[in-house]
Amino acid sequence: SALSLLSELHLWGPRFYNTVESNLTADSTDGFYETSLEVVNDFSVTKKLPRGGSVSAGALTTIAKEIHKTTTESDSSSSVSLSLDIPLLRGAGDVARESVIQAKRNLVYAARTYERFRRVFYSEIVGDYLSLVVQKQSLENAQRGVDSLRQLAKRQAALYESGRTRLYDSADAENQALASVARLSQSWEQYRLALDRFKIRIGWPITKPIQVVTSNLGVVPPAVSVSAAVGDALKYRLDLQNERDRVVDTLRGVENALNNILPDINLTASGSTWSEDDRPFKFTGREIDYLAGLSISLPLDRETERIEVRQQQISLERSKRGFREFQDNIAISVRSALRNIEVYQFTLDLQERNVGIAELGLDSINADPDRVSVLDQTRAISDLQGAQDARDSAKRDLELSIVNYLLQSGKLRVTGDGSLVLPSHHQENG
């Protein structure tokens, strides 16, 4: 978009042209040749005017010389001209600069779209990374579960050897430990696959290691009302700003189409002067030719242009309706993002309670394991592992829901190095 704008601006700046033409002429008369050489240099400069039309200036220099003749003769002359062409109705005004106006606005749209992409991409990368963190924590939880089941299997084997338990209980405990080891191996393979895919996503070499550090983003649930959050989104969302400005573009298209049905009235003016004979660079200024004209073309056939006006009007109504729908969808997404934060907060609290309950259950079993069956002990270990995994997932979901709220409300800010700019408490309260 920036290159397109530079190209358009170049068309509106002064444009210089220079052509050099050389001709050698030989005329035959009874076997004798009269040869002449002519060199013509044509220099011109043109510039578009902001309100329509153009102005141009030119200098033409001609040097002619007889080569094969009884006497050598030469002739040279120069002329300087200035011309002006200005439309007064059709094609006059801002419509003349429509191409450069749209190019500038397209650059603004592209900048907003790119920044919006950076924020969306950041949220996606954060989601992928936090999922890796949860997988890593799940592996740690699974490893602790494997250790607990192995201890249980050893204890049941010792009890069986001492004749205090059945062979079935010892074999069942050993089988549960082996099954947990198999599940842990599968989880490790899934984690390695997810890590390799994440490397590809961020452009990291597959062969180079990457350390997944268990950390949080430092975001907190916003203390903001629904109406204030929707208002912030309608103010800060970059894609909504693009849609709003595109409505203005469509309105400008209607105005340009209306301009196109006006009659053509063009003002032309020009002036030129010649140099002295055989002195191509000396101008006296005493002989200057002027020309001025006014041309009028009545709009007898503008049916195609009138149809275009109607098409632009329909496009304007469609654009307005699309903008209103876009606004409504943003409001819905912001409300949904806020509700998701409340849901995930409740879910996290619930999972924290589940972890506490599972820990209490396992502690009570470990205090007197002889009165509890092997099945209940393995179930307690599995319940604790599942509760810990659910709690870690709830933490991730809560952080991602807050990031999604910042994204949907247009308040997500990402620095050049990919760091999150945390909103201040004052900003969070609107």
# chains A, B, ... in the order shown; residues from 1 in each chain; ligands from 1

$ closest_atom_pairs --of "range 304-412 of chain A" --to "range 147-154 of chain A" --cutoff "10 Å" --atoms "only C-alpha atoms" --output "JSON lines"
{"residue": "A:Pro369", "atom": "CA", "partner": "A:Leu152", "partner_atom": "CA", "distance": 9.7}
{"residue": "A:Val374", "atom": "CA", "partner": "A:Leu152", "partner_atom": "CA", "distance": 8.2}
{"residue": "A:Gln377", "atom": "CA", "partner": "A:Leu152", "partner_atom": "CA", "distance": 8.2}
{"residue": "A:Thr378", "atom": "CA", "partner": "A:Leu149", "partner_atom": "CA", "distance": 6.9}
{"residue": "A:Ile381", "atom": "CA", "partner": "A:Ser148", "partner_atom": "CA", "distance": 7.2}
{"residue": "A:Ser382", "atom": "CA", "partner": "A:Leu149", "partner_atom": "CA", "distance": 9.3}

$ write_last_selection --atoms "C-alpha atoms" --output "JSON list (two decimals), in the first residue's frame"
[["chain", "number", "residue", "atom", "x", "y", "z"],
["A", 369, "PRO", "CA", -4.16, -47.42, 53.90],
["A", 374, "VAL", "CA", -6.50, -50.87, 46.21],
["A", 377, "GLN", "CA", -6.41, -45.85, 46.49],
["A", 378, "THR", "CA", -5.76, -45.86, 42.73],
["A", 381, "ILE", "CA", -4.53, -40.90, 42.98],
["A", 382, "SER", "CA", -6.26, -40.59, 39.60]]

$ select_by_dssp --residues "range 68-309 of chain A" --states "strand (DSSP E or B)" --output "NGL selection string"
:A and (74-87 or 264-274 or 276 or 279 or 288-297)

$ write_last_selection --atoms "N, CA and C atoms" --output "short mmCIF file (atom, residue, chain, number, x, y, z; two decimals), in the first residue's frame"
data_model
loop_
_atom_site.label_atom_id
_atom_site.label_comp_id
_atom_site.auth_asym_id
_atom_site.auth_seq_id
_atom_site.Cartn_x
_atom_site.Cartn_y
_atom_site.Cartn_z
N SER A 74 23.50 26.30 -42.28
CA SER A 74 22.91 25.75 -41.06
C SER A 74 21.73 26.61 -40.64
N ASP A 75 20.85 25.98 -39.97
CA ASP A 75 19.65 26.68 -39.50
C ASP A 75 19.29 26.10 -38.13
N SER A 76 19.04 26.94 -37.18
CA SER A 76 18.69 26.48 -35.83
C SER A 76 17.66 27.43 -35.24
N SER A 77 16.81 26.84 -34.42
CA SER A 77 15.76 27.66 -33.77
C SER A 77 15.27 26.92 -32.53
N SER A 78 14.63 27.67 -31.65
CA SER A 78 14.06 27.11 -30.43
C SER A 78 12.72 27.77 -30.16
N SER A 79 11.89 27.06 -29.46
CA SER A 79 10.59 27.60 -29.05
C SER A 79 10.31 27.16 -27.62
N VAL A 80 9.63 28.01 -26.90
CA VAL A 80 9.23 27.73 -25.53
C VAL A 80 7.71 27.91 -25.44
N SER A 81 7.04 26.94 -24.82
CA SER A 81 5.58 27.00 -24.76
C SER A 81 5.10 26.65 -23.35
N LEU A 82 3.93 27.18 -23.04
CA LEU A 82 3.27 26.91 -21.77
C LEU A 82 1.79 26.72 -22.04
N SER A 83 1.22 25.63 -21.53
CA SER A 83 -0.20 25.35 -21.78
C SER A 83 -0.89 24.96 -20.48
N LEU A 84 -2.18 25.25 -20.46
CA LEU A 84 -3.00 25.02 -19.27
C LEU A 84 -4.33 24.44 -19.70
N ASP A 85 -4.75 23.38 -18.99
CA ASP A 85 -6.03 22.73 -19.29
C ASP A 85 -6.75 22.50 -17.97
N ILE A 86 -7.89 23.17 -17.76
CA ILE A 86 -8.59 23.12 -16.48
C ILE A 86 -10.06 22.80 -16.72
N PRO A 87 -10.59 21.72 -16.10
CA PRO A 87 -12.03 21.47 -16.16
C PRO A 87 -12.75 22.34 -15.13
N ASP A 264 -19.45 18.90 -19.60
CA ASP A 264 -18.01 19.16 -19.71
C ASP A 264 -17.80 20.62 -20.09
N ILE A 265 -17.13 21.36 -19.24
CA ILE A 265 -16.72 22.73 -19.54
C ILE A 265 -15.23 22.82 -19.24
N ASN A 266 -14.42 22.98 -20.24
CA ASN A 266 -12.97 22.97 -20.09
C ASN A 266 -12.39 24.30 -20.57
N LEU A 267 -11.49 24.81 -19.78
CA LEU A 267 -10.77 26.03 -20.12
C LEU A 267 -9.36 25.65 -20.55
N THR A 268 -8.97 26.14 -21.72
CA THR A 268 -7.62 25.87 -22.23
C THR A 268 -6.93 27.20 -22.53
N ALA A 269 -5.66 27.25 -22.27
CA ALA A 269 -4.87 28.44 -22.55
C ALA A 269 -3.43 28.01 -22.82
N SER A 270 -2.78 28.71 -23.73
CA SER A 270 -1.40 28.38 -24.05
C SER A 270 -0.70 29.64 -24.58
N GLY A 271 0.60 29.60 -24.47
CA GLY A 271 1.43 30.68 -24.99
C GLY A 271 2.76 30.12 -25.45
N SER A 272 3.32 30.72 -26.49
CA SER A 272 4.60 30.23 -27.02
C SER A 272 5.37 31.40 -27.62
N THR A 273 6.67 31.24 -27.62
CA THR A 273 7.55 32.24 -28.21
C THR A 273 8.73 31.54 -28.85
N TRP A 274 9.36 32.24 -29.86
CA TRP A 274 10.46 31.65 -30.62
C TRP A 274 11.74 32.43 -30.35
N GLU A 276 15.55 33.92 -31.61
CA GLU A 276 16.05 34.62 -32.79
C GLU A 276 16.64 33.61 -33.77
N ARG A 279 19.99 31.67 -33.43
CA ARG A 279 20.39 31.85 -32.03
C ARG A 279 19.34 31.12 -31.16
N ILE A 288 5.17 36.83 -28.93
CA ILE A 288 4.57 35.77 -28.14
C ILE A 288 3.18 35.50 -28.67
N ASP A 289 2.92 34.23 -28.94
CA ASP A 289 1.61 33.81 -29.44
C ASP A 289 0.77 33.30 -28.26
N TYR A 290 -0.48 33.74 -28.22
CA TYR A 290 -1.38 33.33 -27.15
C TYR A 290 -2.56 32.59 -27.74
N LEU A 291 -3.12 31.71 -26.92
CA LEU A 291 -4.34 31.01 -27.31
C LEU A 291 -5.17 30.77 -26.05
N ALA A 292 -6.43 31.05 -26.11
CA ALA A 292 -7.35 30.80 -25.01
C ALA A 292 -8.65 30.27 -25.57
N GLY A 293 -9.22 29.28 -24.90
CA GLY A 293 -10.44 28.69 -25.43
C GLY A 293 -11.30 28.12 -24.33
N LEU A 294 -12.57 28.00 -24.62
CA LEU A 294 -13.54 27.42 -23.69
C LEU A 294 -14.41 26.46 -24.47
N SER A 295 -14.41 25.20 -24.03
CA SER A 295 -15.21 24.18 -24.73
C SER A 295 -16.32 23.70 -23.80
N ILE A 296 -17.51 23.53 -24.36
CA ILE A 296 -18.68 23.10 -23.59
C ILE A 296 -19.30 21.91 -24.31
N SER A 297 -19.50 20.83 -23.54
CA SER A 297 -20.14 19.62 -24.07
C SER A 297 -21.39 19.36 -23.24
#

$ residues_around --residues "Thr165 in chain A" --least-positions-apart "2" --cutoff "12 Å" --atoms "only C-alpha atoms" --output "list of chain:residue names"
A:Arg155, A:Gln156, A:Ala157, A:Ala158, A:Leu159, A:Tyr160, A:Glu161, A:Ser162, A:Gly163, A:Leu167, A:Tyr168, A:Asp169, A:Ser170, A:Ala171, A:Asp172, A:Ala173, A:Asp370, A:Arg371, A:Val372, A:Ser373, A:Val374

$ atom_distance --atom1 "CA of Asp42 in chain A" --atom2 "CA of Val55 in chain A"
16.8 Å

$ closest_residue --among "A:Leu350, A:Leu24, A:Leu234, A:Val226" --to "Ser336 in chain A" --atoms "only C-alpha atoms"
A:Val226
